[in-house]
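Structure file my_file.cif with mmCIF, C-alpha atoms and all ligand atoms:
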data_coords
#
loop_
_atom_site.label_atom_id
_atom_site.label_comp_id
_atom_site.auth_asym_id
_atom_site.auth_seq_id
_atom_site.Cartn_x
_atom_site.Cartn_y
_atom_site.Cartn_z
CA MET I 154 0.00 0.00 0.00
CA ASP I 155 1.26 3.47 -0.86
CA GLU I 156 1.73 5.36 2.47
CA ARG I 157 2.68 8.74 0.88
CA VAL I 158 0.48 11.68 1.82
CA ASP I 159 -0.91 13.85 -0.96
CA HIS I 160 -0.32 17.38 0.45
CA THR I 161 -2.01 19.12 -2.47
CA LYS I 162 -5.26 17.24 -1.70
CA ILE I 163 -5.05 18.10 2.03
CA ASN I 164 -4.28 21.78 1.34
CA GLY I 165 -7.15 21.85 -1.13
CA ARG I 166 -9.53 20.42 1.52
CA VAL I 167 -8.37 22.90 4.17
CA CYS I 168 -8.88 25.82 1.76
CA PHE I 169 -12.30 24.47 0.82
CA CYS I 170 -13.37 24.21 4.50
CA LEU I 171 -12.16 27.74 5.21
CA PHE I 172 -13.98 29.00 2.11
CA VAL I 173 -17.24 27.28 3.19
CA ARG I 174 -16.92 28.75 6.73
CA TRP I 175 -16.34 32.25 5.41
CA SER I 176 -19.17 31.97 2.95
CA CYS I 177 -21.50 30.77 5.76
CA LEU I 178 -20.53 33.89 7.68
CA ILE I 179 -21.19 36.08 4.62
CA GLN I 180 -24.52 34.30 4.11
CA PHE I 181 -25.40 34.98 7.76
CA ILE I 182 -24.66 38.71 7.30
CA PHE I 183 -26.56 38.68 4.00
CA VAL I 184 -29.68 37.13 5.56
CA CYS I 185 -29.45 39.44 8.63
CA PHE I 186 -29.39 42.57 6.45
CA LEU I 187 -31.76 41.58 3.64
CA GLY I 188 -33.80 38.95 5.44
CA GLY I 189 -36.27 36.51 3.92
CA PRO I 190 -35.92 33.28 1.94
CA VAL I 191 -35.48 35.06 -1.45
CA SER I 192 -32.12 36.58 -0.51
CA SER I 193 -31.07 33.27 1.03
CA SER I 194 -31.86 31.21 -2.09
CA LEU I 195 -30.27 33.89 -4.30
CA PHE I 196 -27.16 33.70 -2.15
CA LEU I 197 -27.11 29.89 -2.38
CA PHE I 198 -27.49 30.04 -6.15
CA VAL I 199 -24.62 32.55 -6.51
CA PHE I 200 -22.57 30.49 -4.05
CA GLN I 201 -23.10 27.28 -6.08
CA VAL I 202 -22.18 29.02 -9.33
CA VAL I 203 -19.01 30.44 -7.74
CA LEU I 204 -18.05 27.00 -6.39
CA SER I 205 -18.63 25.22 -9.68
CA HIS I 206 -16.81 27.86 -11.84
CA PRO I 207 -14.20 29.49 -9.54
CA ALA I 208 -11.92 30.85 -12.28
CA SER I 209 -14.70 32.36 -14.43
CA SER I 210 -16.37 33.76 -11.29
CA CYS I 211 -13.15 35.50 -10.22
CA ALA I 212 -12.75 36.92 -13.73
CA PHE I 213 -16.38 38.07 -13.71
CA PHE I 214 -16.13 39.80 -10.32
CA LEU I 215 -12.81 41.39 -11.26
CA THR I 216 -14.37 42.74 -14.46
CA ILE I 217 -17.32 44.18 -12.54
CA LEU I 218 -15.00 45.75 -9.95
CA THR I 219 -12.71 47.22 -12.63
CA SER I 220 -15.70 48.63 -14.53
CA ILE I 221 -17.07 50.26 -11.37
CA LEU I 222 -13.67 51.77 -10.54
CA TRP I 223 -13.26 52.97 -14.16
CA PHE I 224 -16.72 54.51 -14.11
CA ILE I 225 -16.01 56.37 -10.85
CA ARG I 226 -12.63 57.61 -12.14
CA ASP I 227 -14.17 58.66 -15.47
CA SER I 228 -16.90 60.72 -13.79
CA LEU I 229 -14.60 62.81 -11.59
CA LYS I 230 -14.64 66.46 -12.71
CA VAL I 231 -12.35 69.47 -12.43
CA SER I 232 -13.85 72.46 -10.61
CA SER I 233 -14.03 76.25 -11.02
CA PHE I 234 -15.25 76.43 -14.63
CA PRO I 235 -15.73 80.24 -14.51
CA HIS I 236 -11.96 80.67 -14.18
CA ARG I 237 -11.12 78.47 -17.15
CA HIS I 238 -10.75 79.79 -20.71
CA VAL I 239 -11.43 77.54 -23.70
CA LEU I 240 -10.65 78.42 -27.32
CA ILE I 241 -12.63 76.54 -29.99
CA THR I 242 -11.88 76.83 -33.73
CA GLY I 243 -14.51 76.58 -36.48
CA CYS I 244 -17.47 77.84 -34.41
CA ASP I 245 -19.54 79.20 -37.34
CA SER I 246 -21.53 75.95 -37.52
CA GLY I 247 -21.70 72.27 -36.54
CA PHE I 248 -19.90 70.75 -33.53
CA GLY I 249 -17.87 73.88 -32.71
CA ASN I 250 -20.93 76.11 -32.62
CA LEU I 251 -22.88 73.78 -30.32
CA LEU I 252 -19.88 73.17 -28.03
CA ALA I 253 -19.30 76.92 -27.64
CA ARG I 254 -22.92 77.46 -26.55
CA GLN I 255 -22.90 74.43 -24.22
CA LEU I 256 -19.66 75.38 -22.45
CA ASP I 257 -20.88 78.98 -22.19
CA GLY I 258 -24.03 77.63 -20.51
CA ARG I 259 -21.88 75.69 -18.02
CA GLY I 260 -20.02 78.84 -17.00
CA PHE I 261 -16.74 78.42 -18.91
CA ARG I 262 -15.02 81.48 -20.40
CA VAL I 263 -15.40 80.53 -24.05
CA ILE I 264 -13.42 82.18 -26.83
CA ALA I 265 -15.18 81.07 -30.02
CA ALA I 266 -13.07 81.42 -33.17
CA CYS I 267 -15.19 81.77 -36.31
CA LEU I 268 -14.09 81.87 -39.93
CA THR I 269 -16.57 84.59 -40.87
CA GLU I 270 -17.85 87.75 -39.26
CA GLU I 271 -21.46 86.67 -39.83
CA GLY I 272 -20.78 83.39 -38.02
CA ALA I 273 -19.28 85.27 -35.08
CA SER I 274 -22.16 87.73 -34.70
CA ALA I 275 -24.80 84.97 -35.08
CA LEU I 276 -23.12 82.98 -32.30
CA SER I 277 -22.76 86.06 -30.02
CA SER I 278 -26.48 86.68 -30.31
CA LEU I 279 -27.19 83.17 -28.96
CA ALA I 280 -24.71 83.19 -26.08
CA SER I 281 -24.15 85.05 -22.81
CA PRO I 282 -21.99 88.21 -22.69
CA ARG I 283 -19.26 86.03 -21.16
CA LEU I 284 -18.63 84.34 -24.54
CA LYS I 285 -16.08 86.18 -26.69
CA THR I 286 -15.72 85.66 -30.42
CA LEU I 287 -12.80 86.30 -32.73
CA GLN I 288 -12.16 85.76 -36.41
CA LEU I 289 -9.66 83.03 -37.23
CA ASP I 290 -8.67 81.41 -40.51
CA VAL I 291 -6.50 78.45 -39.50
CA THR I 292 -4.74 78.48 -42.88
CA ASP I 293 -3.53 82.06 -42.40
CA SER I 294 -0.45 82.52 -40.16
CA ALA I 295 -1.14 86.26 -39.64
CA SER I 296 -4.70 85.45 -38.53
CA ILE I 297 -3.34 82.87 -36.04
CA ARG I 298 -0.83 85.41 -34.64
CA ARG I 299 -3.63 87.97 -34.15
CA ALA I 300 -5.72 85.32 -32.38
CA VAL I 301 -2.82 84.48 -30.01
CA GLU I 302 -2.49 88.16 -29.04
CA ALA I 303 -6.22 88.50 -28.46
CA VAL I 304 -6.38 85.32 -26.37
CA ARG I 305 -3.24 86.29 -24.36
CA ALA I 306 -4.89 89.61 -23.46
CA GLU I 307 -8.08 87.80 -22.46
CA VAL I 308 -6.60 85.02 -20.33
CA GLY I 309 -3.80 86.98 -18.61
CA GLU I 310 -1.66 85.04 -16.14
CA ARG I 311 -4.14 82.17 -15.87
CA GLY I 312 -3.22 80.83 -19.29
CA LEU I 313 -5.49 78.88 -21.62
CA TRP I 314 -7.25 75.85 -20.13
CA GLY I 315 -8.58 74.31 -23.36
CA LEU I 316 -7.85 74.39 -27.08
CA VAL I 317 -10.35 72.55 -29.27
CA ASN I 318 -9.03 72.11 -32.82
CA ASN I 319 -12.37 71.61 -34.52
CA ALA I 320 -12.22 73.63 -37.79
CA GLY I 321 -12.31 71.40 -40.83
CA ARG I 322 -13.49 70.85 -44.40
CA SER I 323 -14.18 67.71 -46.40
CA ILE I 324 -14.22 68.64 -50.10
CA PRO I 325 -12.62 67.94 -52.52
CA ILE I 326 -13.32 64.31 -51.67
CA GLY I 327 -13.55 61.46 -54.22
CA PRO I 328 -11.41 59.00 -56.22
CA THR I 329 -7.68 59.69 -55.81
CA GLU I 330 -7.02 59.65 -59.57
CA TRP I 331 -9.44 62.54 -60.06
CA MET I 332 -7.46 64.81 -57.73
CA GLN I 333 -4.76 67.32 -58.43
CA LEU I 334 -2.14 68.22 -55.85
CA GLU I 335 -4.00 71.46 -55.15
CA ASP I 336 -7.11 69.49 -54.10
CA PHE I 337 -5.11 67.61 -51.46
CA ARG I 338 -3.55 70.88 -50.25
CA LYS I 339 -6.92 72.63 -49.77
CA VAL I 340 -8.04 70.02 -47.25
CA LEU I 341 -4.67 69.31 -45.63
CA ASP I 342 -4.06 73.04 -45.05
CA VAL I 343 -7.19 73.35 -42.88
CA ASN I 344 -7.49 69.91 -41.27
CA LEU I 345 -3.84 69.12 -40.57
CA ILE I 346 -1.43 72.04 -41.09
CA GLY I 347 -4.03 74.34 -39.49
CA VAL I 348 -4.28 72.07 -36.44
CA ILE I 349 -0.48 71.91 -36.12
CA GLU I 350 0.09 75.66 -36.52
CA VAL I 351 -2.71 76.65 -34.13
CA THR I 352 -1.52 74.13 -31.51
CA LEU I 353 2.11 75.29 -31.70
CA ALA I 354 1.03 78.92 -31.42
CA PHE I 355 -1.08 78.30 -28.29
CA LEU I 356 1.20 75.84 -26.47
CA PRO I 357 2.87 78.51 -24.26
CA LEU I 358 -0.56 79.66 -23.00
CA LEU I 359 -1.69 76.06 -22.51
CA LYS I 360 1.47 75.25 -20.54
CA LYS I 361 0.71 78.15 -18.18
CA ALA I 362 -2.67 76.65 -17.29
CA ARG I 363 -1.49 73.00 -17.52
CA GLY I 364 -4.47 72.71 -19.85
CA ARG I 365 -6.04 70.43 -22.44
CA VAL I 366 -5.78 70.00 -26.21
CA VAL I 367 -8.78 68.39 -27.90
CA ASN I 368 -8.21 67.47 -31.54
CA VAL I 369 -11.13 66.50 -33.76
CA ALA I 370 -10.08 63.61 -35.99
CA SER I 371 -12.60 61.17 -37.48
CA ILE I 372 -13.23 57.47 -38.02
CA LEU I 373 -11.74 58.32 -41.43
CA GLY I 374 -8.49 58.72 -39.49
CA ARG I 375 -8.78 55.01 -38.67
CA LEU I 376 -10.12 53.67 -41.95
CA ALA I 377 -9.52 55.45 -45.28
CA LEU I 378 -12.89 55.04 -46.99
CA THR I 379 -12.28 57.53 -49.77
CA GLY I 380 -9.60 59.38 -51.74
CA GLY I 381 -8.62 63.05 -51.48
CA GLY I 382 -7.03 64.92 -48.59
CA TYR I 383 -9.66 64.24 -45.91
CA CYS I 384 -8.54 60.79 -44.72
CA LEU I 385 -4.87 61.78 -45.01
CA SER I 386 -5.51 64.83 -42.86
CA LYS I 387 -7.34 62.84 -40.17
CA TYR I 388 -4.64 60.12 -40.07
CA GLY I 389 -2.20 63.01 -39.65
CA VAL I 390 -4.23 64.48 -36.78
CA GLU I 391 -4.13 61.08 -35.04
CA ALA I 392 -0.33 60.86 -35.39
CA PHE I 393 0.24 64.50 -34.39
CA SER I 394 -1.97 64.08 -31.32
CA ASP I 395 -0.28 60.83 -30.26
CA SER I 396 3.21 62.34 -30.28
CA LEU I 397 1.99 65.59 -28.69
CA ARG I 398 0.24 63.66 -25.90
CA ARG I 399 3.37 61.70 -24.97
CA GLU I 400 5.56 64.82 -24.98
CA MET I 401 3.13 67.18 -23.22
CA GLN I 402 2.22 64.88 -20.33
CA HIS I 403 5.50 65.99 -18.68
CA PHE I 404 4.09 69.55 -18.62
CA GLY I 405 0.71 68.48 -17.23
CA ILE I 406 -1.09 69.00 -20.56
CA ASN I 407 -3.59 66.32 -21.64
CA VAL I 408 -4.26 65.65 -25.32
CA SER I 409 -7.49 63.93 -26.39
CA ILE I 410 -8.64 62.79 -29.82
CA ILE I 411 -12.31 62.84 -30.86
CA GLU I 412 -13.24 60.28 -33.53
CA PRO I 413 -16.80 60.95 -34.69
CA GLY I 414 -18.65 58.63 -37.04
CA PHE I 415 -20.96 60.23 -39.63
CA PHE I 416 -23.10 63.13 -38.42
CA LYS I 417 -25.33 65.50 -40.32
CA THR I 418 -23.38 68.74 -40.65
CA ALA I 419 -21.95 70.82 -43.49
CA VAL I 420 -18.96 68.46 -43.99
CA THR I 421 -21.25 65.53 -44.87
CA ARG I 422 -23.77 67.50 -46.98
CA PRO I 423 -24.44 65.23 -50.00
CA ASP I 424 -25.40 68.11 -52.36
CA LEU I 425 -22.02 69.81 -51.78
CA ILE I 426 -20.07 66.55 -52.18
CA GLU I 427 -22.07 65.68 -55.31
CA ALA I 428 -21.53 69.09 -56.93
CA ASP I 429 -17.80 68.85 -56.25
CA LEU I 430 -17.60 65.32 -57.68
CA ARG I 431 -19.20 66.66 -60.88
CA ARG I 432 -16.57 69.43 -61.02
CA LEU I 433 -13.75 66.88 -60.63
CA TRP I 434 -15.28 64.63 -63.31
CA THR I 435 -15.76 67.36 -65.93
CA ARG I 436 -12.10 68.39 -65.81
CA LEU I 437 -10.79 64.79 -66.28
CA PRO I 438 -9.05 63.91 -69.59
CA GLN I 439 -11.28 61.81 -71.89
CA ASP I 440 -9.10 58.67 -71.64
CA VAL I 441 -9.46 58.66 -67.82
CA LYS I 442 -13.23 59.14 -68.13
CA ASP I 443 -13.32 56.24 -70.62
CA SER I 444 -11.46 53.98 -68.22
CA TYR I 445 -14.19 54.54 -65.59
CA GLY I 446 -17.11 54.37 -68.01
CA ALA I 447 -19.66 57.09 -68.73
CA SER I 448 -22.03 55.94 -66.00
CA TYR I 449 -19.41 56.05 -63.22
CA ILE I 450 -20.19 59.63 -62.16
CA ASN I 451 -23.89 58.75 -61.87
CA ASP I 452 -22.95 55.67 -59.83
CA CYS I 453 -20.91 57.97 -57.61
CA LYS I 454 -23.84 60.32 -57.22
CA ARG I 455 -26.11 57.39 -56.44
CA ASN I 456 -23.50 56.32 -53.95
CA VAL I 457 -23.57 59.74 -52.30
CA LYS I 458 -27.37 59.38 -52.15
CA ALA I 459 -26.92 55.92 -50.62
CA GLN I 460 -24.55 57.47 -48.08
CA ASP I 461 -27.18 60.10 -47.36
CA PHE I 462 -29.76 57.34 -46.93
CA SER I 463 -27.48 55.38 -44.59
CA LEU I 464 -26.74 58.59 -42.68
CA GLY I 465 -30.49 58.89 -42.24
CA ILE I 466 -30.96 55.42 -40.76
CA LEU I 467 -27.54 54.61 -39.27
CA CYS I 468 -26.57 57.89 -37.71
CA SER I 469 -28.27 60.10 -35.29
CA PRO I 470 -28.47 63.74 -36.36
CA ASP I 471 -27.84 64.41 -32.67
CA ILE I 472 -24.44 66.13 -32.78
CA SER I 473 -24.48 66.53 -29.00
CA LYS I 474 -22.96 63.01 -28.90
CA VAL I 475 -19.79 64.60 -30.27
CA THR I 476 -19.92 67.69 -28.06
CA TRP I 477 -20.42 65.43 -25.01
CA CYS I 478 -17.04 63.83 -25.80
CA MET I 479 -15.40 67.25 -26.27
CA SER I 480 -16.87 68.51 -22.96
CA HIS I 481 -15.72 65.39 -21.15
CA ALA I 482 -12.18 65.86 -22.47
CA LEU I 483 -12.23 69.42 -21.08
CA THR I 484 -13.96 68.83 -17.76
CA ALA I 485 -12.96 65.33 -16.60
CA ARG I 486 -10.23 65.01 -14.01
CA PHE I 487 -8.87 62.11 -16.05
CA PRO I 488 -9.74 62.79 -19.71
CA ARG I 489 -9.69 59.83 -22.09
CA THR I 490 -7.12 59.55 -24.86
CA ARG I 491 -9.64 58.69 -27.58
CA TYR I 492 -13.38 59.25 -27.82
CA GLY I 493 -15.39 57.35 -30.44
CA ALA I 494 -18.54 59.42 -31.02
CA GLY I 495 -21.70 57.83 -32.42
CA TRP I 496 -22.62 54.17 -32.46
CA ASP I 497 -21.47 53.71 -36.08
CA ALA I 498 -17.97 54.76 -34.95
CA LYS I 499 -17.97 52.49 -31.89
CA PHE I 500 -19.58 49.38 -33.29
CA LEU I 501 -18.87 49.50 -37.04
CA TRP I 502 -15.99 51.64 -38.30
CA ILE I 503 -13.49 51.37 -35.44
CA PRO I 504 -13.88 47.55 -35.08
CA LEU I 505 -13.65 47.27 -38.90
CA SER I 506 -10.35 49.16 -38.79
CA TYR I 507 -8.86 46.39 -36.59
CA LEU I 508 -9.82 43.59 -39.00
CA PRO I 509 -7.41 42.28 -41.66
CA SER I 510 -7.17 44.55 -44.72
CA PHE I 511 -8.83 42.01 -47.03
CA VAL I 512 -11.98 42.13 -44.86
CA SER I 513 -12.09 45.94 -44.59
CA ASP I 514 -11.28 46.23 -48.33
CA PHE I 515 -14.13 43.88 -49.20
CA ILE I 516 -16.63 45.80 -47.07
CA THR I 517 -15.56 49.27 -48.22
CA ASN I 518 -15.59 48.11 -51.86
CA LEU I 519 -19.26 47.22 -51.39
CA LEU I 520 -19.91 50.88 -50.61
CA LEU I 521 -17.99 52.33 -53.59
CA PRO I 522 -18.86 51.95 -57.30
CA ALA I 523 -16.45 49.94 -59.50
CA PRO I 524 -15.21 51.34 -62.86
CA LYS I 525 -17.46 49.69 -65.49
CA ASN I 526 -14.93 49.34 -68.33
CA GLU I 527 -12.22 47.75 -66.20
CA LYS I 528 -14.80 45.28 -64.83
CA LYS I 529 -15.67 44.24 -68.41
CA LYS I 530 -11.96 43.83 -69.36
CA LYS I 531 -11.45 41.47 -66.38
CA GLU I 532 -14.38 39.35 -67.54
N1 LIG I 601 -19.86 65.74 -39.47
C1 LIG I 601 -19.24 64.60 -39.42
O1 LIG I 601 -19.80 63.57 -39.72
C2 LIG I 601 -17.80 64.57 -38.98
C3 LIG I 601 -17.24 63.33 -38.75
C4 LIG I 601 -15.94 63.23 -38.33
C5 LIG I 601 -15.20 64.38 -38.12
N2 LIG I 601 -15.75 65.60 -38.35
C6 LIG I 601 -14.91 66.77 -38.11
O2 LIG I 601 -15.54 67.61 -37.18
C7 LIG I 601 -15.06 68.95 -37.33
C8 LIG I 601 -16.23 69.90 -37.35
O3 LIG I 601 -16.98 69.65 -38.49
P1 LIG I 601 -18.56 69.75 -38.53
O4 LIG I 601 -19.06 68.39 -38.82
O5 LIG I 601 -19.09 70.45 -37.35
O6 LIG I 601 -18.80 70.58 -39.88
P2 LIG I 601 -18.97 72.15 -40.11
O7 LIG I 601 -20.29 72.59 -39.61
O8 LIG I 601 -18.66 72.40 -41.54
O9 LIG I 601 -17.84 72.78 -39.19
C9 LIG I 601 -16.56 73.06 -39.65
C10 LIG I 601 -16.25 74.48 -39.29
O10 LIG I 601 -14.91 74.79 -39.66
C11 LIG I 601 -14.92 76.06 -40.28
N3 LIG I 601 -13.78 76.25 -41.15
C12 LIG I 601 -13.59 75.79 -42.42
N4 LIG I 601 -12.43 76.20 -42.90
C13 LIG I 601 -11.84 76.96 -41.93
C14 LIG I 601 -10.64 77.69 -41.82
N5 LIG I 601 -9.76 77.75 -42.83
N6 LIG I 601 -10.37 78.36 -40.67
C15 LIG I 601 -11.25 78.31 -39.65
N7 LIG I 601 -12.41 77.67 -39.69
C16 LIG I 601 -12.70 77.00 -40.81
C17 LIG I 601 -16.23 76.11 -41.03
O11 LIG I 601 -16.60 77.45 -41.31
P3 LIG I 601 -17.69 77.75 -42.46
O12 LIG I 601 -18.94 77.14 -41.98
O13 LIG I 601 -17.73 79.22 -42.52
O14 LIG I 601 -17.14 77.08 -43.69
C18 LIG I 601 -17.16 75.46 -40.03
O15 LIG I 601 -17.64 76.38 -39.10
C19 LIG I 601 -14.23 68.94 -38.61
O16 LIG I 601 -12.87 68.87 -38.26
C20 LIG I 601 -14.67 67.67 -39.30
O17 LIG I 601 -13.66 67.16 -40.13
C21 LIG I 601 -17.04 65.73 -38.78
#
What's the structure tokens form of this structure?
Amino acid sequence: MDERVDHTKINGRVCFCLFVRWSCLIQFIFVCFLGGPVSSSLFLFVFQVVLSHPASSCAFFLTILTSILWFIRDSLKVSSFPHRHVLITGCDSGFGNLLARQLDGRGFRVIAACLTEEGASALSSLASPRLKTLQLDVTDSASIRRAVEAVRAEVGERGLWGLVNNAGRSIPIGPTEWMQLEDFRKVLDVNLIGVIEVTLAFLPLLKKARGRVVNVASILGRLALTGGGYCLSKYGVEAFSDSLRREMQHFGINVSIIEPGFFKTAVTRPDLIEADLRRLWTRLPQDVKDSYGASYINDCKRNVKAQDFSLGILCSPDISKVTWCMSHALTARFPRTRYGAGWDAKFLWIPLSYLPSFVSDFITNLLLPAPKNEKKKKE
């Protein structure tokens, strides 16, 4: 007969007995506080599940605990909004306009930069006297310098708490082959070079306040769905923000990236995109037009209509989903690095961007028309 003692079995039994004793004690407390047979049977059920699946139960409880802790951390806010200045670019319309009014309503000292004078006076008429407007073209260095002087005079020694790089444009957008270098420049100058120049110009004021930079990128900075400068510019904003975040954390400055899905604003207006596609098509040499087939432009237009249709059913016109993310990045004690805004961003485009290229290529090709003549040649 084998006389050897199996210590692992004994240790296991001891642990089990201790566990049962402790759980009896917890059950006793549970019944004392909640009372009744329902709580007792619920406890027994939970207890049996925990005993039969110890590893999964531990993982489950750890996940719950981590989520609760994350939620608490995420909802902590900074205080004294009335002493904090926030500069937002591109406030004539869309996200910037709504954010300016919302932050003004919450007591922030908002400096709303508009491209046009009309935009600035329309916004002033909707906001409190606390909100200041200024004219800023992010592609014009002299305009940026003037804005820095105006903001410096406004914020004084406090410095600038928030800079929201929101100004942007989408067109020209369309097939890459239809573009000229100038078309890329038009978009890159506003969406990327503008963001870089404005950020560099305001960094000294942001450092003073140990403030926040909020850069508006897009899901098109994760997944290039179309040609032209737009996706390039948003990929660039992602890269610029990532390096800035790592460098600026030493100075107490947080950098957040907003990645909205599709929302109904001027940058997604189908009539403007359609009219610009027509302009690009008409200036193409005949041999390029022939390679796409005469019906391609109409397919593109239909595609824009399909996009409009999908915008209607997929995306909420509620742009406050985006401004909520911007506000959180400015007011949270621990702002997030990236904010996906809109369910299409969270559940469709961003997950799609992680899939292998052949999957994302297949899905995006379903959304874009194929050149007719080349399709025939393949057959
Ligand atoms: N809507 C979406 O689905 C979506 C999705 C992802 C990302 N985004 C991004 O979100 C940001 C805001 O866009 P939005 O959707 O709110 O569209 P929007 O209403 O067109 O807002 C863009 C603003 O930028 C201004 N702007 C254009 N060029 C400028 C320049 N050179 N200098 C200063 N301001 C300039 C525009 O002024 P004018 O109105 O006078 O032209 C407009 O007020 C953009 O960066 C856009 O790329 C939008």
Select, counting all atoms listed in the file, all protein, DNA and RNA residues no farther than 12 Å from (-21.9, 87.0, -24.3) in file coordinates, and express the selection as a VMD selection string. chain I and resid 253 to 254 256 to 258 260 to 265 273 to 286
Emit the selected residues as an mmCIF file, keeping the file's coordinate frame, including C-alpha atoms.
data_model
loop_
_atom_site.group_PDB
_atom_site.id
_atom_site.type_symbol
_atom_site.label_atom_id
_atom_site.label_comp_id
_atom_site.auth_asym_id
_atom_site.auth_seq_id
_atom_site.Cartn_x
_atom_site.Cartn_y
_atom_site.Cartn_z
ATOM 1 C CA ALA I 253 -19.300 76.920 -27.640
ATOM 2 C CA ARG I 254 -22.920 77.460 -26.550
ATOM 3 C CA LEU I 256 -19.660 75.380 -22.450
ATOM 4 C CA ASP I 257 -20.880 78.980 -22.190
ATOM 5 C CA GLY I 258 -24.030 77.630 -20.510
ATOM 6 C CA GLY I 260 -20.020 78.840 -17.000
ATOM 7 C CA PHE I 261 -16.740 78.420 -18.910
ATOM 8 C CA ARG I 262 -15.020 81.480 -20.400
ATOM 9 C CA VAL I 263 -15.400 80.530 -24.050
ATOM 10 C CA ILE I 264 -13.420 82.180 -26.830
ATOM 11 C CA ALA I 265 -15.180 81.070 -30.020
ATOM 12 C CA ALA I 273 -19.280 85.270 -35.080
ATOM 13 C CA SER I 274 -22.160 87.730 -34.700
ATOM 14 C CA ALA I 275 -24.800 84.970 -35.080
ATOM 15 C CA LEU I 276 -23.120 82.980 -32.300
ATOM 16 C CA SER I 277 -22.760 86.060 -30.020
ATOM 17 C CA SER I 278 -26.480 86.680 -30.310
ATOM 18 C CA LEU I 279 -27.190 83.170 -28.960
ATOM 19 C CA ALA I 280 -24.710 83.190 -26.080
ATOM 20 C CA SER I 281 -24.150 85.050 -22.810
ATOM 21 C CA PRO I 282 -21.990 88.210 -22.690
ATOM 22 C CA ARG I 283 -19.260 86.030 -21.160
ATOM 23 C CA LEU I 284 -18.630 84.340 -24.540
ATOM 24 C CA LYS I 285 -16.080 86.180 -26.690
ATOM 25 C CA THR I 286 -15.720 85.660 -30.420
#
To one decimal in Å, tell me the separation between atom N1 of ligand LIG 601 (chain I) and CA of Gly327 (chain I). 16.6 Å
At a cut-off of 9 Å, can you tabulate as a Markdown table every residue of chain I near ligand LIG 601 (chain I) together with its closest atom pair and the distance in Å to one decimal, using all atoms listed in the file and ordering rows by chain then number?
| residue | atom | partner | partner_atom | distance |
| --- | --- | --- | --- | --- |
| I:Thr242 | CA | I:LIG601 | N7 | 6.0 |
| I:Gly243 | CA | I:LIG601 | O10 | 3.7 |
| I:Cys244 | CA | I:LIG601 | O15 | 4.9 |
| I:Asp245 | CA | I:LIG601 | O15 | 3.8 |
| I:Ser246 | CA | I:LIG601 | O7 | 4.1 |
| I:Gly247 | CA | I:LIG601 | O5 | 3.3 |
| I:Phe248 | CA | I:LIG601 | O5 | 3.9 |
| I:Gly249 | CA | I:LIG601 | O5 | 5.9 |
| I:Asn250 | CA | I:LIG601 | O15 | 7.3 |
| I:Leu251 | CA | I:LIG601 | O5 | 8.7 |
| I:Ala266 | CA | I:LIG601 | C15 | 7.4 |
| I:Cys267 | CA | I:LIG601 | N7 | 6.0 |
| I:Leu268 | CA | I:LIG601 | N7 | 4.5 |
| I:Thr269 | CA | I:LIG601 | O13 | 5.7 |
| I:Glu271 | CA | I:LIG601 | O13 | 8.8 |
| I:Gly272 | CA | I:LIG601 | O13 | 6.9 |
| I:Gln288 | CA | I:LIG601 | C15 | 8.2 |
| I:Leu289 | CA | I:LIG601 | C15 | 5.5 |
| I:Asp290 | CA | I:LIG601 | N6 | 3.5 |
| I:Val291 | CA | I:LIG601 | N6 | 4.0 |
| I:Thr292 | CA | I:LIG601 | N5 | 5.1 |
| I:Asp293 | CA | I:LIG601 | N5 | 7.6 |
| I:Asn318 | CA | I:LIG601 | O16 | 7.4 |
| I:Asn319 | CA | I:LIG601 | O16 | 4.7 |
| I:Ala320 | CA | I:LIG601 | O10 | 3.5 |
| I:Gly321 | CA | I:LIG601 | O16 | 3.6 |
| I:Arg322 | CA | I:LIG601 | C12 | 5.3 |
| I:Ser323 | CA | I:LIG601 | O17 | 6.3 |
| I:Val340 | CA | I:LIG601 | N4 | 8.7 |
| I:Asp342 | CA | I:LIG601 | N5 | 7.7 |
| I:Val343 | CA | I:LIG601 | N5 | 5.1 |
| I:Asn344 | CA | I:LIG601 | O16 | 6.3 |
| I:Gly347 | CA | I:LIG601 | N5 | 7.5 |
| I:Asn368 | CA | I:LIG601 | O16 | 8.3 |
| I:Val369 | CA | I:LIG601 | O16 | 5.4 |
| I:Ala370 | CA | I:LIG601 | C5 | 5.6 |
| I:Ser371 | CA | I:LIG601 | C4 | 4.0 |
| I:Ile372 | CA | I:LIG601 | C4 | 6.4 |
| I:Leu373 | CA | I:LIG601 | C4 | 7.2 |
| I:Gly374 | CA | I:LIG601 | C4 | 8.8 |
| I:Tyr383 | CA | I:LIG601 | O17 | 7.6 |
| I:Ser386 | CA | I:LIG601 | O17 | 8.9 |
| I:Lys387 | CA | I:LIG601 | O17 | 7.7 |
| I:Ile411 | CA | I:LIG601 | C5 | 8.0 |
| I:Glu412 | CA | I:LIG601 | C4 | 6.2 |
| I:Pro413 | CA | I:LIG601 | C4 | 4.4 |
| I:Gly414 | CA | I:LIG601 | C3 | 5.2 |
| I:Phe415 | CA | I:LIG601 | O1 | 3.5 |
| I:Phe416 | CA | I:LIG601 | O1 | 3.6 |
| I:Lys417 | CA | I:LIG601 | N1 | 5.5 |
| I:Thr418 | CA | I:LIG601 | O4 | 4.7 |
| I:Ala419 | CA | I:LIG601 | O8 | 4.1 |
| I:Val420 | CA | I:LIG601 | O6 | 4.6 |
| I:Thr421 | CA | I:LIG601 | N1 | 5.6 |
| I:Arg422 | CA | I:LIG601 | N1 | 8.6 |
| I:Ile472 | CA | I:LIG601 | N1 | 8.1 |
| I:Val475 | CA | I:LIG601 | O2 | 8.7 |
| I:Ala494 | CA | I:LIG601 | C4 | 8.6 |
